[in-house]
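> Next comes the structure file entry.cif, holding mmCIF, C-alpha atoms.
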data_data
loop_
_atom_site.label_atom_id
_atom_site.label_comp_id
_atom_site.auth_asym_id
_atom_site.auth_seq_id
_atom_site.Cartn_x
_atom_site.Cartn_y
_atom_site.Cartn_z
CA MET A 1 -15.60 10.98 -0.35
CA TRP A 2 -13.49 8.01 0.68
CA SER A 3 -10.40 8.05 2.86
CA LEU A 4 -7.89 5.63 4.37
CA THR A 5 -6.76 5.33 7.99
CA LEU A 6 -3.68 3.32 8.95
CA ILE A 7 -4.60 1.00 11.83
CA THR A 8 -1.43 -1.09 12.21
CA ALA A 9 1.76 -0.16 10.37
CA ALA A 10 4.26 -2.65 8.97
CA VAL A 11 6.76 -3.70 11.62
CA LYS A 12 9.78 -3.65 9.27
CA GLU A 13 11.05 -1.88 6.17
CA PRO A 14 11.39 -3.56 2.74
CA LEU A 15 15.14 -2.88 2.62
CA ASP A 16 17.72 -4.04 5.15
CA ILE A 17 20.41 -1.43 5.79
CA SER A 18 23.22 -3.96 6.08
CA LEU A 19 22.21 -6.48 3.41
CA ASP A 20 20.66 -4.15 0.82
CA VAL A 21 21.51 -0.49 1.32
CA ARG A 22 25.19 -0.75 2.28
CA ALA A 23 25.83 -3.17 -0.56
CA HIS A 24 24.16 -0.83 -3.05
CA LEU A 25 26.12 2.18 -1.80
CA ARG A 26 29.38 0.18 -1.65
CA LEU A 27 29.85 0.90 2.04
CA GLU A 28 31.58 -1.29 4.57
CA GLN A 29 29.25 -3.86 6.16
CA ILE A 30 29.84 -2.38 9.61
CA ALA A 31 27.24 -0.43 11.52
CA ASP A 32 28.30 3.15 12.11
CA SER A 33 26.90 6.62 12.74
CA GLN A 34 25.47 6.77 9.22
CA ASP A 35 22.92 4.03 9.89
CA ARG A 36 20.42 6.49 11.32
CA LEU A 37 20.68 8.58 8.15
CA LEU A 38 20.41 5.48 5.97
CA GLY A 39 17.34 4.37 7.92
CA SER A 40 15.64 7.70 7.24
CA MET A 41 16.46 7.35 3.55
CA VAL A 42 14.91 3.88 3.48
CA VAL A 43 11.70 5.25 4.99
CA ALA A 44 11.64 8.16 2.54
CA ALA A 45 12.23 5.87 -0.46
CA ARG A 46 9.53 3.47 0.70
CA HIS A 47 7.05 6.35 1.06
CA ALA A 48 7.94 7.53 -2.44
CA CYS A 49 7.44 4.02 -3.84
CA GLU A 50 4.12 3.43 -2.09
CA THR A 51 2.83 6.86 -3.09
CA PHE A 52 3.80 6.44 -6.74
CA THR A 53 2.47 2.89 -7.09
CA GLY A 54 -0.50 3.10 -4.72
CA ARG A 55 0.63 -0.17 -3.15
CA GLN A 56 1.35 -1.46 0.34
CA LEU A 57 4.77 -3.10 0.38
CA LEU A 58 4.86 -4.90 3.73
CA ASP A 59 1.83 -6.20 5.62
CA ALA A 60 -0.22 -3.53 7.36
CA THR A 61 -3.83 -3.04 8.42
CA TRP A 62 -5.90 -0.19 6.94
CA GLU A 63 -9.46 1.02 7.26
CA LEU A 64 -11.33 2.36 4.25
CA TRP A 65 -14.00 4.95 5.12
CA MET A 66 -16.80 5.67 2.67
CA ASP A 67 -20.01 7.70 2.72
CA ASP A 68 -21.94 4.97 0.86
CA TRP A 69 -21.40 1.71 -1.00
CA TRP A 70 -21.31 3.42 -4.39
CA GLU A 71 -18.27 5.57 -3.65
CA ALA A 72 -16.63 7.05 -6.76
CA GLY A 73 -13.18 5.59 -7.28
CA ILE A 74 -14.02 2.51 -5.18
CA PHE A 75 -17.31 1.07 -6.50
CA GLN A 76 -17.24 -0.37 -10.00
CA GLY A 77 -19.17 -3.13 -11.72
CA GLY A 78 -21.03 -4.15 -8.57
CA ALA A 79 -17.93 -4.50 -6.39
CA LEU A 80 -15.75 -2.45 -4.06
CA PHE A 81 -12.18 -2.22 -5.36
CA VAL A 82 -10.04 -2.02 -2.22
CA PRO A 83 -7.04 0.37 -2.39
CA LYS A 84 -3.44 -0.45 -1.44
CA PRO A 85 -2.95 -3.83 -3.19
CA PRO A 86 -2.12 -6.59 -2.78
CA LEU A 87 -5.20 -7.29 -0.65
CA ARG A 88 -4.44 -10.05 1.86
CA SER A 89 -7.61 -10.26 3.93
CA ILE A 90 -10.80 -8.46 4.92
CA VAL A 91 -10.93 -8.01 8.69
CA SER A 92 -14.46 -6.59 8.80
CA VAL A 93 -17.07 -4.66 6.83
CA LYS A 94 -19.08 -2.34 9.05
CA TYR A 95 -21.88 0.09 8.27
CA VAL A 96 -24.28 2.44 10.03
CA ASP A 97 -27.81 1.12 9.55
CA MET A 98 -30.95 3.20 9.06
CA ALA A 99 -31.42 3.42 12.84
CA GLY A 100 -27.93 4.86 13.30
CA VAL A 101 -26.48 1.67 14.79
CA LEU A 102 -23.05 0.41 13.69
CA GLN A 103 -23.44 -3.10 12.28
CA THR A 104 -20.95 -5.72 11.07
CA TRP A 105 -21.88 -7.27 7.74
CA ASP A 106 -22.22 -11.05 7.99
CA VAL A 107 -19.19 -12.65 6.31
CA ALA A 108 -21.52 -15.30 4.85
CA LYS A 109 -23.21 -12.61 2.74
CA TYR A 110 -20.19 -11.30 0.82
CA SER A 111 -17.02 -12.48 -0.84
CA ALA A 112 -13.55 -10.98 -0.81
CA GLU A 113 -11.14 -11.41 -3.68
CA VAL A 114 -7.91 -11.58 -1.67
CA GLN A 115 -4.55 -12.13 -3.30
CA ASP A 116 -2.06 -14.87 -2.51
CA VAL A 117 1.19 -13.14 -3.43
CA THR A 118 2.96 -16.49 -3.78
CA ALA A 119 0.55 -17.57 -6.50
CA VAL A 120 -0.38 -14.41 -8.42
CA ALA A 121 1.64 -11.89 -10.39
CA PRO A 122 3.32 -9.28 -8.18
CA MET A 123 1.68 -6.58 -10.31
CA CYS A 124 -1.83 -7.72 -9.30
CA GLN A 125 -4.38 -4.91 -9.14
CA ARG A 126 -6.85 -4.08 -6.38
CA GLY A 127 -8.80 -6.89 -4.74
CA ARG A 128 -12.61 -6.79 -4.65
CA VAL A 129 -15.44 -7.12 -2.14
CA TYR A 130 -18.94 -7.91 -3.41
CA PRO A 131 -22.25 -9.43 -2.22
CA ASN A 132 -22.71 -13.15 -2.73
CA TYR A 133 -25.27 -14.36 -5.26
CA GLY A 134 -28.75 -13.45 -4.09
CA GLU A 135 -27.49 -10.89 -1.54
CA ILE A 136 -27.58 -7.09 -1.76
CA TRP A 137 -25.66 -4.26 -0.16
CA PRO A 138 -27.17 -3.47 3.27
CA ASP A 139 -29.23 -0.32 3.69
CA ILE A 140 -27.21 2.43 5.34
CA ARG A 141 -27.90 5.80 6.89
CA CYS A 142 -27.05 8.82 4.75
CA GLN A 143 -24.10 10.26 6.64
CA PRO A 144 -20.35 10.74 6.22
CA GLY A 145 -18.27 7.66 6.98
CA ALA A 146 -21.27 5.31 6.98
CA VAL A 147 -19.17 2.38 5.71
CA LYS A 148 -15.87 1.10 7.13
CA VAL A 149 -13.89 -1.70 5.50
CA ARG A 150 -10.93 -2.86 7.55
CA PHE A 151 -8.37 -4.92 5.64
CA THR A 152 -4.78 -6.11 5.57
CA ALA A 153 -2.53 -5.55 2.57
CA GLY A 154 1.08 -6.14 1.59
CA TYR A 155 3.48 -8.60 0.01
CA GLY A 156 4.41 -10.18 3.32
CA ALA A 157 6.01 -9.41 6.66
CA THR A 158 9.61 -9.10 5.47
CA GLY A 159 11.55 -7.49 2.65
CA PRO A 160 12.44 -10.62 0.60
CA THR A 161 8.76 -11.02 -0.39
CA VAL A 162 8.59 -7.55 -2.01
CA PRO A 163 9.07 -7.58 -5.83
CA ALA A 164 12.63 -6.81 -6.92
CA GLY A 165 11.56 -3.96 -9.23
CA LEU A 166 10.04 -2.03 -6.34
CA LYS A 167 13.09 -2.50 -4.12
CA GLN A 168 15.58 -1.68 -6.87
CA GLY A 169 13.78 1.60 -7.54
CA MET A 170 14.02 2.40 -3.85
CA LEU A 171 17.76 1.72 -3.90
CA LEU A 172 18.18 4.15 -6.80
CA GLU A 173 16.36 6.80 -4.80
CA ILE A 174 18.54 6.11 -1.76
CA GLY A 175 21.71 6.28 -3.84
CA GLU A 176 20.67 9.69 -5.16
CA MET A 177 19.86 10.98 -1.68
CA TYR A 178 23.13 9.65 -0.27
CA GLU A 179 25.40 11.01 -3.01
CA ARG A 180 23.90 14.45 -3.52
CA ARG A 181 22.25 15.41 -0.21
CA GLU A 182 20.52 18.12 -2.26
CA LEU A 183 18.54 18.55 -5.47
CA ALA A 184 20.49 17.47 -8.53
CA VAL A 185 19.14 20.33 -10.63
CA VAL A 186 18.57 23.75 -9.14
CA GLY A 187 14.87 24.56 -9.20
CA SER A 188 13.82 20.98 -9.96
CA SER A 189 13.00 18.04 -7.69
CA VAL A 190 13.24 15.48 -10.51
CA THR A 191 16.64 13.80 -10.80
CA PRO A 192 17.92 11.12 -13.20
CA ALA A 193 17.67 8.52 -10.44
CA THR A 194 14.08 9.52 -9.73
CA LEU A 195 13.21 9.04 -13.37
CA SER A 196 14.88 5.62 -13.39
CA ALA A 197 13.12 4.61 -10.18
CA GLU A 198 9.74 5.61 -11.58
CA ALA A 199 10.47 3.59 -14.73
CA LEU A 200 10.95 0.53 -12.52
CA TRP A 201 7.86 1.32 -10.45
CA TRP A 202 5.54 2.19 -13.34
CA PRO A 203 4.43 -1.41 -14.17
CA TYR A 204 3.33 -1.78 -10.53
CA ARG A 205 1.04 1.27 -10.42
CA ALA A 206 -2.36 0.30 -9.04
CA PHE A 207 -5.40 1.59 -10.91
#
If you took the structure in this file and wrote it as structure tokens, what would it be?


Amino acid sequence: MWSLTLITAAVKEPLDISLDVRAHLRLEQIADSQDRLLGSMVVAARHACETFTGRQLLDATWELWMDDWWEAGIFQGGALFVPKPPLRSIVSVKYVDMAGVLQTWDVAKYSAEVQDVTAVAPMCQRGRVYPNYGEIWPDIRCQPGAVKVRFTAGYGATGPTVPAGLKQGMLLEIGEMYERRELAVVGSSVTPATLSAEALWWPYRAF
């Protein structure tokens, strides 16, 4: 069973309160007591976007834990498909060897299919890690969490690098939260803005 651990979070949010959120909500471009509320809405909308799409919007470092190399949902066609695209770099691939010692896989023995977000489509799917020609996956001890892949993912360090469709969906979510402050339909958590946001996010879902 694989899992993800956040090692280093993104230092900023994809949306700027003054430049993006206030303009969308047609508010005065002056900081006031609402900025704390707007900041919370930005965080909530970003979480909703990342959860729905399975993506990492701004650069962050994650660690993928697996029980073996052939983890269901990760291993396919001889490669590890790393979650949270776009994959920017592999920091390390570590494993517990047959003697129970944590080893770091030699970078010369595997390749990582990282994604240059300035050169590839913003809807790129998960990057891959696989042994180089003539190499094999190292032998590991049979135990939970025997493999750890640490990686960085995201569209960049600041909001302007995030695709417009993802940010516009977030703004729709924020507009709904700001205007209603409650569920739009009693007994339902799905609002018209949520449906519109998901329509914008759908092409970016990572599989």

> Show me, as a list in words, the residues that have an atom within 9 Å of Gly54 (chain A) when counting only C-alpha atoms, minus same-chain residues fewer than 4 positions from it.

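The residues that qualify are Cys49, Glu50, Pro83, Lys84, Pro85, Tyr204, Arg205, Ala206 and Phe207 of chain A.
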
> Between A:Ala60, A:Ile136, A:Ala146, A:Leu19, which has the minimum distance to Ala79 (chain A) (counting only C-alpha atoms)?

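Closest to Ala79 (chain A), using only C-alpha atoms: A:Ile136.
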
> I would like the residues chosen by the PyMOL selection byres ((chain A and resi 140) around 6) on the shown file; could you give them as a list of chain:residue names?

A:Val96, A:Asp97, A:Met98, A:Asp139, A:Arg141

> So that I can check the surroundings of region 104-117 of chain A, please list as a VMD selection string every protein, DNA and RNA residue that reaches within 8 Å of it, counting all atoms listed in the file and ignoring chain neighbours fewer than 4 positions away.

chain A and resid 86 to 90 92 to 95 121 to 122 124 127 to 132 135 138 155

> Show me, as a Markdown table, the residues of region 143-178 of chain A having an atom within 12 Å of region 20-36 of chain A, each with the closest atom pair and its distance in Å, using only C-alpha atoms.


| residue | atom | partner | partner_atom | distance |
| --- | --- | --- | --- | --- |
| A:Gly159 | CA | A:Asp20 | CA | 9.9 |
| A:Pro160 | CA | A:Asp20 | CA | 10.5 |
| A:Ala164 | CA | A:Asp20 | CA | 11.5 |
| A:Lys167 | CA | A:Asp20 | CA | 9.2 |
| A:Gln168 | CA | A:His24 | CA | 9.4 |
| A:Gly169 | CA | A:His24 | CA | 11.6 |
| A:Met170 | CA | A:Val21 | CA | 9.5 |
| A:Leu171 | CA | A:Val21 | CA | 6.8 |
| A:Leu172 | CA | A:His24 | CA | 8.6 |
| A:Glu173 | CA | A:Val21 | CA | 10.8 |
| A:Ile174 | CA | A:Val21 | CA | 7.9 |
| A:Gly175 | CA | A:Leu25 | CA | 6.4 |
| A:Glu176 | CA | A:Leu25 | CA | 9.9 |
| A:Met177 | CA | A:Leu25 | CA | 10.8 |
| A:Tyr178 | CA | A:Leu25 | CA | 8.2 |

> So, with only C-alpha atoms as the atoms that count, which of A:Thr8, A:Leu195, A:Pro203, A:Asp68 lies closest to Pro144 (chain A)?

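Of A:Thr8, A:Leu195, A:Pro203, A:Asp68, the one nearest Pro144 (chain A) is A:Asp68, counting only C-alpha atoms.
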
> Quick one: of A:Gln56, A:Thr61, A:Ser3, A:Ser18, who's nearest to Pro163 (chain A), counting all atoms listed in the file?

A:Gln56

> For Met1 (chain A), find every residue with an atom within 10 Å (counting all atoms listed in the file), except residues of its own chain fewer than 2 positions away, and show them as a compact mmCIF listing (two decimals) with C-alpha atoms, in the coordinates of the input.


# COMPACT_ATOMS: atom_id res chain seq x y z
CA SER A 3 -10.40 8.05 2.86
CA TRP A 65 -14.00 4.95 5.12
CA MET A 66 -16.80 5.67 2.67
CA ASP A 67 -20.01 7.70 2.72
CA ASP A 68 -21.94 4.97 0.86
CA GLU A 71 -18.27 5.57 -3.65
CA ALA A 72 -16.63 7.05 -6.76
CA GLY A 73 -13.18 5.59 -7.28
CA ILE A 74 -14.02 2.51 -5.18
CA PRO A 144 -20.35 10.74 6.22
CA GLY A 145 -18.27 7.66 6.98

> My list of candidates is A:Ala10, A:Val101, A:Val147, A:Ala197. Which is closest to Phe52 (chain A) when distances are computed with only C-alpha atoms?

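Answer, going by the shortest atom-to-atom distance: A:Ala197.
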
> Which distance in Å separates CA of Gly100 (chain A) and CA of Gly77 (chain A), to one decimal?

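The value is 27.7 Å.
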
> Around region 89-104 of chain A, with edges along x, y and z and 4 Å added on all six sides, what centre and edge lengths do you get, in Å to one decimal, as lines of an AutoDock Vina configuration file?


center_x = -19.5
center_y = -2.7
center_z = 9.4
size_x = 31.8
size_y = 23.1
size_z = 18.9

> Could you jot down the CA of Glu63 (chain A) to CA of Ser40 (chain A) separation for me, Å, one decimal place?

26.0 Å

> CA of Phe81 (chain A) and CA of Trp201 (chain A), how far apart in Å?

21.0 Å

> Measuring between all atoms listed in the file, which one of A:Leu166, A:Val149, A:Leu6, A:Ala193 shows the shortest distance to Arg46 (chain A)?

A:Leu166

> I need the residue nearest Met123 (chain A) from this list: A:Ile17, A:Leu200, A:Val43, A:Leu38. Use all atoms listed in the file for the distance.

A:Leu200
